[in-house]
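Visitor: Contents of protein_10.pdb (PDB, C-alpha atoms, pLDDT in the B column):
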```pdb
ATOM      1  CA  MET B   5     -26.881  14.793  18.023  1.00 44.00           C
ATOM      2  CA  PRO B   6     -27.741  12.236  15.304  1.00 46.00           C
ATOM      3  CA  PHE B   7     -27.273  13.237  11.686  1.00 47.00           C
ATOM      4  CA  ASP B   8     -27.898   9.957   9.885  1.00 50.00           C
ATOM      5  CA  ASN B   9     -30.731  11.310   7.736  1.00 50.00           C
ATOM      6  CA  ILE B  10     -29.261  14.748   7.020  1.00 51.00           C
ATOM      7  CA  PRO B  11     -26.215  14.210   4.751  1.00 50.00           C
ATOM      8  CA  GLY B  12     -25.167  17.884   4.807  1.00 55.00           C
ATOM      9  CA  HIS B  13     -24.799  17.707   8.583  1.00 78.00           C
ATOM     10  CA  ASP B  14     -22.366  14.781   8.676  1.00 88.00           C
ATOM     11  CA  PRO B  15     -18.855  16.235   9.233  1.00 92.00           C
ATOM     12  CA  ARG B  16     -17.374  13.133   7.582  1.00 90.00           C
ATOM     13  CA  GLY B  17     -19.864  13.103   4.704  1.00 90.00           C
ATOM     14  CA  PRO B  18     -19.189  13.859   1.035  1.00 90.00           C
ATOM     15  CA  TYR B  19     -21.342  17.033   0.987  1.00 90.00           C
ATOM     16  CA  TRP B  20     -20.744  18.630   4.362  1.00 92.00           C
ATOM     17  CA  GLN B  21     -21.751  22.293   4.788  1.00 92.00           C
ATOM     18  CA  GLY B  22     -22.406  22.846   1.097  1.00 90.00           C
ATOM     19  CA  PHE B  23     -18.991  21.669  -0.124  1.00 92.00           C
ATOM     20  CA  ALA B  24     -18.316  18.624  -2.288  1.00 90.00           C
ATOM     21  CA  TRP B  25     -15.478  16.907  -0.418  1.00 92.00           C
ATOM     22  CA  SER B  26     -13.055  14.364  -1.814  1.00 91.00           C
ATOM     23  CA  HIS B  27     -13.189  10.738  -0.763  1.00 89.00           C
ATOM     24  CA  TRP B  28     -11.275   9.909   2.417  1.00 91.00           C
ATOM     25  CA  TYR B  29      -7.661   8.843   1.885  1.00 88.00           C
ATOM     26  CA  ARG B  30      -5.032   7.498   4.243  1.00 86.00           C
ATOM     27  CA  LEU B  31      -2.684  10.360   5.014  1.00 85.00           C
ATOM     28  CA  ASP B  32       0.413   8.178   4.642  1.00 81.00           C
ATOM     29  CA  GLU B  33      -0.697   7.183   1.133  1.00 80.00           C
ATOM     30  CA  LEU B  34      -1.461  10.768   0.093  1.00 81.00           C
ATOM     31  CA  CYS B  35       1.930  12.004   1.217  1.00 78.00           C
ATOM     32  CA  GLY B  36       4.149   9.466  -0.460  1.00 67.00           C
ATOM     33  CA  PRO B  37       5.985  10.004  -3.767  1.00 63.00           C
ATOM     34  CA  LEU B  38       3.802  12.017  -6.155  1.00 59.00           C
ATOM     35  CA  LYS B  39       3.837   9.361  -8.887  1.00 59.00           C
ATOM     36  CA  GLN B  40       2.385   6.804  -6.447  1.00 61.00           C
ATOM     37  CA  VAL B  41      -0.130   9.321  -5.064  1.00 61.00           C
ATOM     38  CA  ARG B  42      -1.504  10.041  -8.535  1.00 62.00           C
ATOM     39  CA  LEU B  43      -2.255   6.336  -8.914  1.00 60.00           C
ATOM     40  CA  ARG B  44      -4.121   6.235  -5.571  1.00 65.00           C
ATOM     41  CA  VAL B  45      -6.343   9.295  -5.952  1.00 68.00           C
ATOM     42  CA  ASP B  46      -9.762   8.399  -7.323  1.00 71.00           C
ATOM     43  CA  PRO B  47     -10.408   9.832 -10.829  1.00 65.00           C
ATOM     44  CA  GLU B  48     -13.404  11.695  -9.398  1.00 68.00           C
ATOM     45  CA  ASP B  49     -11.064  13.513  -7.004  1.00 67.00           C
ATOM     46  CA  LYS B  50      -8.302  14.349  -9.483  1.00 62.00           C
ATOM     47  CA  ASP B  51     -10.302  17.389 -10.568  1.00 60.00           C
ATOM     48  CA  LYS B  52     -10.546  18.605  -6.974  1.00 66.00           C
ATOM     49  CA  GLY B  53      -7.197  20.407  -7.113  1.00 70.00           C
ATOM     50  CA  PHE B  54      -5.244  18.216  -4.698  1.00 74.00           C
ATOM     51  CA  GLU B  55      -1.892  19.231  -6.196  1.00 75.00           C
ATOM     52  CA  THR B  56      -2.668  22.786  -7.249  1.00 77.00           C
ATOM     53  CA  ASP B  57      -5.569  24.598  -5.578  1.00 85.00           C
ATOM     54  CA  LYS B  58      -6.088  26.435  -2.329  1.00 90.00           C
ATOM     55  CA  ALA B  59      -8.242  24.174  -0.212  1.00 91.00           C
ATOM     56  CA  LEU B  60     -10.157  23.377   2.932  1.00 94.00           C
ATOM     57  CA  TYR B  61      -9.350  20.028   4.500  1.00 94.00           C
ATOM     58  CA  ARG B  62     -10.386  17.800   7.369  1.00 94.00           C
ATOM     59  CA  ILE B  63      -8.605  15.027   9.222  1.00 92.00           C
ATOM     60  CA  ARG B  64      -9.976  12.078  11.180  1.00 90.00           C
ATOM     61  CA  LEU B  65      -8.597   9.037  12.979  1.00 86.00           C
ATOM     62  CA  GLY B  66      -9.506   5.467  12.192  1.00 81.00           C
ATOM     63  CA  ARG B  67     -13.184   4.720  12.580  1.00 77.00           C
ATOM     64  CA  ARG B  68     -13.868   7.486  15.068  1.00 79.00           C
ATOM     65  CA  ARG B  69     -17.094   9.328  14.412  1.00 82.00           C
ATOM     66  CA  GLY B  70     -15.732  12.857  14.608  1.00 89.00           C
ATOM     67  CA  LEU B  71     -12.890  14.888  13.161  1.00 93.00           C
ATOM     68  CA  VAL B  72      -9.602  15.745  14.807  1.00 89.00           C
ATOM     69  CA  TYR B  73      -8.781  18.808  12.706  1.00 90.00           C
ATOM     70  CA  ILE B  74     -10.297  21.205  10.177  1.00 94.00           C
ATOM     71  CA  GLY B  75      -7.962  23.452   8.220  1.00 93.00           C
ATOM     72  CA  GLU B  76      -7.394  25.719   5.247  1.00 93.00           C
ATOM     73  CA  THR B  77      -4.380  26.272   3.031  1.00 90.00           C
ATOM     74  CA  SER B  78      -3.129  28.829   0.544  1.00 89.00           C
ATOM     75  CA  ALA B  79      -0.903  26.116  -0.867  1.00 85.00           C
ATOM     76  CA  SER B  80      -2.344  22.914  -2.306  1.00 84.00           C
ATOM     77  CA  ALA B  81      -4.057  20.335  -0.103  1.00 84.00           C
ATOM     78  CA  ARG B  82      -1.143  18.006  -0.853  1.00 82.00           C
ATOM     79  CA  THR B  83       1.417  20.536   0.417  1.00 83.00           C
ATOM     80  CA  ARG B  84      -0.429  21.237   3.659  1.00 86.00           C
ATOM     81  CA  LEU B  85      -1.276  17.619   4.368  1.00 85.00           C
ATOM     82  CA  ARG B  86       2.386  16.679   3.795  1.00 82.00           C
ATOM     83  CA  THR B  87       3.345  19.219   6.480  1.00 81.00           C
ATOM     84  CA  HIS B  88       0.935  17.565   8.916  1.00 80.00           C
ATOM     85  CA  TYR B  89       2.239  14.141   7.914  1.00 79.00           C
ATOM     86  CA  GLN B  90       5.852  15.201   8.559  1.00 75.00           C
ATOM     87  CA  GLY B  91       4.853  16.457  11.995  1.00 73.00           C
ATOM     88  CA  ILE B  92       3.118  13.187  12.798  1.00 73.00           C
ATOM     89  CA  ARG B  93       6.179  11.239  11.643  1.00 70.00           C
ATOM     90  CA  ALA B  94       8.374  13.473  13.802  1.00 69.00           C
ATOM     91  CA  ALA B  95       6.186  12.790  16.821  1.00 66.00           C
ATOM     92  CA  ARG B  96       6.631   9.093  16.170  1.00 65.00           C
ATOM     93  CA  GLY B  97      10.401   9.513  15.813  1.00 65.00           C
ATOM     94  CA  LEU B  98      10.347   8.541  12.140  1.00 61.00           C
ATOM     95  CA  ASN B  99      12.007  11.544  10.482  1.00 57.00           C
ATOM     96  CA  LYS B 100      14.420  14.400  11.020  1.00 55.00           C
ATOM     97  CA  TYR B 101      12.001  16.975  12.416  1.00 46.00           C
ATOM     98  CA  PRO B 102      12.245  17.674  16.161  1.00 49.00           C
ATOM     99  CA  GLN B 103       9.445  16.929  18.560  1.00 47.00           C
ATOM    100  CA  HIS B 104       7.598  19.789  20.196  1.00 46.00           C
ATOM    101  CA  GLY B 105       5.317  19.459  23.165  1.00 41.00           C
ATOM    102  CA  PRO B 106       3.790  16.417  24.843  1.00 37.00           C
ATOM    103  CA  LEU B 107       1.912  15.248  21.756  1.00 37.00           C
ATOM    104  CA  GLY B 108       4.681  15.829  19.220  1.00 41.00           C
ATOM    105  CA  TRP B 109       3.169  18.987  17.749  1.00 42.00           C
ATOM    106  CA  TYR B 110       4.711  20.304  14.549  1.00 41.00           C
ATOM    107  CA  LYS B 111       3.193  22.953  12.276  1.00 45.00           C
ATOM    108  CA  GLY B 112      -0.394  22.800  13.327  1.00 44.00           C
ATOM    109  CA  LEU B 113      -1.519  19.263  14.109  1.00 54.00           C
ATOM    110  CA  ALA B 114      -0.955  17.435  17.368  1.00 53.00           C
ATOM    111  CA  LEU B 115      -1.865  13.789  17.704  1.00 59.00           C
ATOM    112  CA  PRO B 116      -0.916  11.089  20.189  1.00 57.00           C
ATOM    113  CA  ARG B 117       2.281   9.297  19.257  1.00 57.00           C
ATOM    114  CA  ASN B 118       0.552   5.935  18.801  1.00 58.00           C
ATOM    115  CA  ALA B 119       2.130   4.556  15.626  1.00 55.00           C
ATOM    116  CA  ASN B 120      -0.836   2.264  14.975  1.00 64.00           C
ATOM    117  CA  LEU B 121      -3.321   5.039  14.277  1.00 73.00           C
ATOM    118  CA  VAL B 122      -4.697   5.221  10.750  1.00 83.00           C
ATOM    119  CA  ILE B 123      -5.072   8.880   9.858  1.00 86.00           C
ATOM    120  CA  TRP B 124      -7.454   9.906   7.070  1.00 90.00           C
ATOM    121  CA  ALA B 125      -7.791  13.172   5.138  1.00 91.00           C
ATOM    122  CA  SER B 126     -10.339  14.727   2.792  1.00 92.00           C
ATOM    123  CA  TRP B 127     -10.315  18.104   1.027  1.00 91.00           C
ATOM    124  CA  THR B 128     -12.323  20.460  -1.121  1.00 92.00           C
ATOM    125  CA  PRO B 129     -10.777  23.062  -3.434  1.00 90.00           C
ATOM    126  CA  VAL B 130     -11.523  26.754  -2.942  1.00 91.00           C
ATOM    127  CA  PRO B 131      -9.314  28.307  -5.652  1.00 89.00           C
ATOM    128  CA  ASN B 132     -11.146  31.641  -5.739  1.00 91.00           C
ATOM    129  CA  LEU B 133     -11.170  32.373  -2.024  1.00 92.00           C
ATOM    130  CA  GLY B 134      -8.599  34.757  -0.580  1.00 93.00           C
ATOM    131  CA  LYS B 135      -6.848  34.161   2.727  1.00 94.00           C
ATOM    132  CA  SER B 136      -9.386  36.037   4.872  1.00 95.00           C
ATOM    133  CA  ASP B 137     -12.314  34.275   3.214  1.00 95.00           C
ATOM    134  CA  ARG B 138     -10.699  30.831   3.587  1.00 95.00           C
ATOM    135  CA  ARG B 139     -10.041  31.493   7.260  1.00 95.00           C
ATOM    136  CA  GLY B 140     -13.618  32.668   7.659  1.00 96.00           C
ATOM    137  CA  VAL B 141     -14.965  29.493   6.074  1.00 96.00           C
ATOM    138  CA  GLU B 142     -12.609  27.430   8.239  1.00 96.00           C
ATOM    139  CA  ALA B 143     -14.063  29.152  11.323  1.00 95.00           C
ATOM    140  CA  GLU B 144     -17.596  28.493  10.034  1.00 95.00           C
ATOM    141  CA  LEU B 145     -16.780  24.796   9.529  1.00 96.00           C
ATOM    142  CA  ILE B 146     -15.428  24.566  13.074  1.00 95.00           C
ATOM    143  CA  ALA B 147     -18.557  26.317  14.390  1.00 94.00           C
ATOM    144  CA  ALA B 148     -20.789  23.951  12.396  1.00 93.00           C
ATOM    145  CA  TYR B 149     -18.846  21.005  13.765  1.00 94.00           C
ATOM    146  CA  ARG B 150     -19.343  22.312  17.318  1.00 92.00           C
ATOM    147  CA  ALA B 151     -23.070  22.729  16.674  1.00 91.00           C
ATOM    148  CA  ILE B 152     -23.350  19.163  15.409  1.00 90.00           C
ATOM    149  CA  MET B 153     -20.933  17.337  17.717  1.00 91.00           C
ATOM    150  CA  GLY B 154     -21.071  19.540  20.809  1.00 91.00           C
ATOM    151  CA  LYS B 155     -17.296  20.090  20.922  1.00 91.00           C
ATOM    152  CA  ASN B 156     -14.330  21.230  18.840  1.00 91.00           C
ATOM    153  CA  PRO B 157     -12.471  18.738  16.636  1.00 91.00           C
ATOM    154  CA  ASP B 158     -10.295  16.803  19.086  1.00 85.00           C
ATOM    155  CA  TYR B 159      -6.957  18.398  18.173  1.00 81.00           C
ATOM    156  CA  GLN B 160      -8.062  21.689  16.657  1.00 85.00           C
ATOM    157  CA  TRP B 161      -6.332  23.671  19.389  1.00 78.00           C
ATOM    158  CA  PRO B 162      -3.777  21.394  21.080  1.00 67.00           C
ATOM    159  CA  GLY B 163      -3.951  21.388  24.837  1.00 61.00           C
ATOM    160  CA  GLU B 164      -7.042  23.571  25.120  1.00 58.00           C
ATOM    161  CA  ASP B 165     -10.108  21.365  25.117  1.00 49.00           C
ATOM    162  CA  SER B 166      -9.325  17.920  23.811  1.00 46.00           C
ATOM    163  CA  ASP B 167     -11.358  15.304  25.644  1.00 50.00           C
ATOM    164  CA  ASP B 168      -8.813  12.607  24.894  1.00 48.00           C
ATOM    165  CA  GLU B 169      -5.586  11.894  26.687  1.00 46.00           C
ATOM    166  CA  GLU B 170      -2.513  10.423  25.051  1.00 45.00           C
ATOM    167  CA  GLY B 171      -2.743   6.656  25.058  1.00 38.00           C
ATOM    168  CA  GLU B 172      -6.554   6.378  25.032  1.00 40.00           C
ATOM    169  CA  TRP B 173      -6.595   5.671  21.313  1.00 35.00           C
TER     170      TRP B 173
END
```
As structure tokens, what does this structure read like?
Guide:
Amino acid sequence: MPFDNIPGHDPRGPYWQGFAWSHWYRLDELCGPLKQVRLRVDPEDKDKGFETDKALYRIRLGRRRGLVYIGETSASARTRLRTHYQGIRAARGLNKYPQHGPLGWYKGLALPRNANLVIWASWTPVPNLGKSDRRGVEAELIAAYRAIMGKNPDYQWPGEDSDDEEGEW
């Protein structure tokens, strides 16, 4: 389903589903030392609570059109994205965390082990939403994504309905 002329319907767009999302950032750059991260985050996004607020976030790979994951966090976007980043590094054999499952799943996000993938993340703060409301909005975002793209984000539920196989990236 094309969405070129309807900005609110683009899952990778800056104003998807009524939320003002941050710019897209490389996950490895967002999850480095905090001092370096603060230099990389666009001034426009510094007010979007990356280090402090509860948030919704989305993850994509390289130049692929769709998303691979949509999530919510009661911690800051930085904290949750770091957890995903550590899991990805573990899957690639780059840190101390053990591998789990065929795709190296760790704490929520499973991706193929291809070390050449560029992984991008974007977030929007939701500081006033409680846990149930954040999870409800997360479910609504996933449903909206399905309505637009005709499928779930590729690694939303590892092993259930991903159309991609390891190594096809």
Visitor: Taking the file above as input, evaluate the PyMOL selection byres ((chain B and resi 143) around 12) and report the hits as a ChimeraX atom specification.
Guide: /B:60,73-76,136-142,144-150,156-157,160
Visitor: Given the file shown, determine the residues that the PyMOL selection byres ((chain B and resi 122) around 7) selects; report them as number ranges by chain.
Guide: B: 30, 65-66, 120-121, 123-124
Visitor: I need the residue set behind the PyMOL selection byres ((chain B and resi 131) around 10) for this file; please write it as a ChimeraX atom specification.
Guide: /B:52-53,56-60,78-80,128-130,132-134,138
Visitor: Measuring atom to atom with all atoms listed in the file, identify which of B:Trp127, B:Ala81, B:Tyr89, B:Phe54 is nearest to B:Trp20.
Guide: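 Using all atoms listed in the file, the shortest distance to B:Trp20 belongs to B:Trp127.
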Visitor: From the list B:Phe23, B:Trp28, B:Gly154, B:Trp161, which residue is nearest B:Arg67 when using all atoms listed in the file?
Guide: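 Using all atoms listed in the file, the shortest distance to B:Arg67 belongs to B:Trp28.
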Visitor: Please report the interatomic distance between atom CA of B:Leu31 and atom CA of B:Lys135 in Å with one decimal.
Guide: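 For atom CA of B:Leu31 relative to atom CA of B:Lys135, the distance reads 24.3 Å.
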Visitor: So how far away is atom CA of B:Ile152 from atom CA of B:His13, in Å?
Guide: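 Calculated distance between atom CA of B:His13 and atom CA of B:Ile152 is 7.1 Å.
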Visitor: Could you please determine the separation between atom CA of B:Trp25 and atom CA of B:Arg62 in Å, to one decimal place?
Guide: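 Result for atom CA of B:Trp25 versus atom CA of B:Arg62: 9.3 Å, one decimal.
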